[in-house]
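**Student:** Okay, here's the structure, questions in a sec.
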Amino acid sequence: MTARIIDGKTIAHEVRAEWKERADALKARGVTPGLAVIIVGEDPASKVYVANKVKACAELGLHSEHVVLSADTSEAMLLSKIAQLNADPKIHGILVQLPVPKHIDSEKVLNAIDPNKDVDGFHPMNVGALATGNMRFAPCTPYGSMKLLEKAGVPIEGKHAVVIGRSNIVGKPMALMLLQANATVTICTSKTVDLPKYTRDADILVVATGKAKMITGDMIKPGAAVIDVGINRMENGKLCGDVDFDSAKEVAGWITPVPGGVGPMTITMLVANTVQSAERTAGSK
Ligand code: GUN
C-alpha cells in the first residue's frame with residue numbers, strides 16, 4: 001500500500017482563502033483583525049517562525065505588530081508590553097513565541113495575556129475551556145492537525161487515536177481535541193514501555209516527539225492516518241519529521257510530509273484564531 005499524502009500546503013491555501021473572506025467581511029465593517037507577535041531573544045528557529053507568522057498576516061490583509069525584544073529584556077518589561085497590547089483595540093490576538101529566555105517565567109507571561117486575545121490558546125482559562133469541551137481558542141498546531149484529518153476525510157469517531165508527546169503546545173491539546181471528536185485516545189510519552197504495542201494499534205497516529213524518524217513503517221498499523229508534527233534538521237541540512245516517511249508511506253493509509261504537512265497549517269490556524277477573535281469583538285459592539 002502507498003499512503004495518500006496529506007498536502008498541507010494545498011489545504012492551508014484553501015483554509016486561508018476561507019478565513020480571508022471572513023477577514024474581508026470584517027474589514028468592510030471597519031474592523032481590521034490585528035495580531036501582535038512578541039519574540040524575546042535571538043533563537044534562530046523562533047525568528048524564522050515569527051517572521052512567517054507576521055508574513056501570513058500581511059498576505060491576508062491583517063494588521064500585525066512584530067515586537068522584537070532583546071534576550072536580556074526583564075520579565076517586568078515583557079509583562080508591561082503585554083498589558084499595553086491587552087489594552088490596544090487594534091490588537092485582537094497576542095502571541096509570545098516560546099521558549100522565552102530562562103530568567104523569564106513563561107507561566108506568568110502566558111497568564112498575563114488577556115484570555116480573549118490568547119490566539120495560542122495557552123492561557124489556563126482557554127486550556128480549561130478546551131478540557132471541558134467549550135473550546136474558545138484552539139492551540140494552532142493541534143487545530144491545524146485536526147483540520148488536515150478533516151479535509152483528508154479521515155474518520156475519527158470511534159477510532160483509536162494515539163498521540164506521542166504530552167507537551168502543552170501539541171500533545172495534550174491534540175489528545176483533548178481528538179477526544180472531543182469522539183476518538184478513543186491514548187497518550188504515549190518517552191517513558192512508555194513497549195511503544196510499538198500502542199503505535200501498531202493506532203488508527204490515527206500523531207507524532208510530536210522531536211526525535212527525527214523515530215517512527216518507522218513496522219510500527220504503523222496498515223491503513224492508519226499518520227500526522228507528523230516533528231521538524232528536525234538533518235546533517236545534510238534537509239528537514240525531516242519524527243516519522244521515517246519512506247518506510248511509513250508504504251504502510252499508512254494517509255501521511256503528512258515534512259516539510260509541507262502540519263507546518264503550513266499551524267500559521268493558518270493562527271490567522272483563523274485572530275480573525276475569530278476580531279469577529280467576537282466586533283459582534284459584541
Ligand atoms: N513555540 C513553538 N510552537 C509555538 C506555538 O505554537 N506558539 C508559541 N507561542 N510558541 C511556540
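As shown in the C-alpha cells, the chain order sets the letters A, B, ...; within each chain, residues go from 1, and ligands are also counted from 1 in the order they appear.
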Hey, what's within 12 Å of A:Ser247 if we count only C-alpha atoms and toss same-chain stuff fewer than 5 positions away? As JSON, numbers by chain, please?

**Tutor:** {"A": [1, 2, 3, 213, 214, 215, 216, 217, 218, 219, 220, 222, 252, 255]}

**Student:** List every residue of chain A that has an atom at most 10 Å from any atom of ligand 1, giving for each one its closest atom pair and the distance in Å to one decimal, counting only C-alpha atoms and all ligand atoms, sorted by chain and then by ascending residue number, as a Markdown table.

**Tutor:**
```
| residue | atom | partner | partner_atom_place_in_ligand_line | distance |
| --- | --- | --- | --- | --- |
| A:Val37 | CA | ligand 1 | 9 (N) | 8.3 |
| A:Ile38 | CA | ligand 1 | 9 (N) | 8.5 |
| A:Ile39 | CA | ligand 1 | 9 (N) | 8.9 |
| A:Ala45 | CA | ligand 1 | 2 (C) | 9.2 |
| A:Ser46 | CA | ligand 1 | 1 (N) | 7.0 |
| A:Tyr49 | CA | ligand 1 | 2 (C) | 8.2 |
| A:Val50 | CA | ligand 1 | 10 (N) | 8.8 |
| A:Ile94 | CA | ligand 1 | 9 (N) | 8.9 |
| A:Leu95 | CA | ligand 1 | 9 (N) | 5.3 |
| A:Val96 | CA | ligand 1 | 9 (N) | 4.8 |
| A:Gln97 | CA | ligand 1 | 9 (N) | 3.7 |
| A:Leu98 | CA | ligand 1 | 10 (N) | 3.8 |
| A:Pro99 | CA | ligand 1 | 1 (N) | 6.1 |
| A:Val100 | CA | ligand 1 | 10 (N) | 8.9 |
| A:Leu110 | CA | ligand 1 | 9 (N) | 9.0 |
| A:Asp118 | CA | ligand 1 | 9 (N) | 9.7 |
| A:Val119 | CA | ligand 1 | 9 (N) | 8.9 |
| A:Asp120 | CA | ligand 1 | 7 (N) | 5.8 |
| A:Gly121 | CA | ligand 1 | 7 (N) | 8.8 |
| A:Phe122 | CA | ligand 1 | 9 (N) | 8.2 |
| A:Pro139 | CA | ligand 1 | 6 (O) | 6.7 |
| A:Cys140 | CA | ligand 1 | 6 (O) | 5.8 |
| A:Thr141 | CA | ligand 1 | 6 (O) | 6.0 |
| A:Pro142 | CA | ligand 1 | 6 (O) | 9.0 |
| A:Asn168 | CA | ligand 1 | 6 (O) | 9.7 |
| A:Ile169 | CA | ligand 1 | 6 (O) | 6.0 |
| A:Val170 | CA | ligand 1 | 6 (O) | 7.9 |
| A:Thr266 | CA | ligand 1 | 6 (O) | 7.1 |
| A:Ile267 | CA | ligand 1 | 6 (O) | 8.4 |
| A:Met269 | CA | ligand 1 | 6 (O) | 9.9 |
| A:Leu270 | CA | ligand 1 | 6 (O) | 8.4 |
```

**Student:** Using only C-alpha atoms, tabulate the residues of stretch 71-153 of chain A lying at most 6 Å from any atom of stretch 16-34 of chain A, each with its closest atom pair and that distance in Å to one decimal, by chain and increasing residue number, as JSON lines.

**Tutor:**
```
{"residue": "A:Lys90", "atom": "CA", "partner": "A:Gly34", "partner_atom": "CA", "distance": 5.8}
{"residue": "A:Ile91", "atom": "CA", "partner": "A:Gly34", "partner_atom": "CA", "distance": 4.5}
{"residue": "A:His92", "atom": "CA", "partner": "A:Gly34", "partner_atom": "CA", "distance": 5.2}
```

**Student:** Could you check the closest approach to A:Ile164 for each of A:Val226, A:Ala51, A:Cys57, A:Ala152 and tell me which residue wins, using only C-alpha atoms?

**Tutor:**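 For A:Ile164, the nearest of the candidates is A:Val226.
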
**Student:** A:Pro196, A:Gly260, A:Gly144, A:Pro101: which is nearest A:Val162, counting only C-alpha atoms?

**Tutor:** A:Pro196

**Student:** Of the candidates A:Val207, A:Ile6, A:Val154, A:Ala58, which shows the shortest atom-to-atom distance to A:Leu195, using only C-alpha atoms?

**Tutor:**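 Nearest candidate to A:Leu195 out of A:Val207, A:Ile6, A:Val154, A:Ala58: A:Val207.
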
**Student:** Mind checking DSSP for stretch 52-171 of chain A and telling me the helix (DSSP H, G or I) residues as a PyMOL selection string?

**Tutor:** chain A and resi 52-59+75-86+106-112+115-117+124-131+140-152+171

**Student:** Using only C-alpha atoms, which residue out of A:Gly223, A:Leu69, A:Leu78, A:Leu178 lies closest to A:Lys249?

**Tutor:**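 Residue with the minimum atom-to-atom distance to A:Lys249: A:Gly223.
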
**Student:** Could you work out how far atom CA of A:Glu59 lies from atom CA of A:Pro173, giving the answer in Å with one decimal?

**Tutor:** 27.8 Å

**Student:** Taking into account only C-alpha atoms, which residue in the set A:Ser70, A:Ser64, A:Gln180, A:Asn52 is nearest to A:Leu35?

**Tutor:**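 Closest residue, counting only C-alpha atoms: A:Ser64.
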
**Student:** Please measure the separation of atom CA of A:Glu157 and atom CA of A:Ala129, giving the value in Å to one decimal.

**Tutor:**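 So the answer is 21.1 Å.
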
**Student:** Could you tell me how far atom CA of A:Gly165 lies from atom CA of A:Cys188, in Å and to one decimal?

**Tutor:**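 Computing it gives 6.1 Å between the two atoms.
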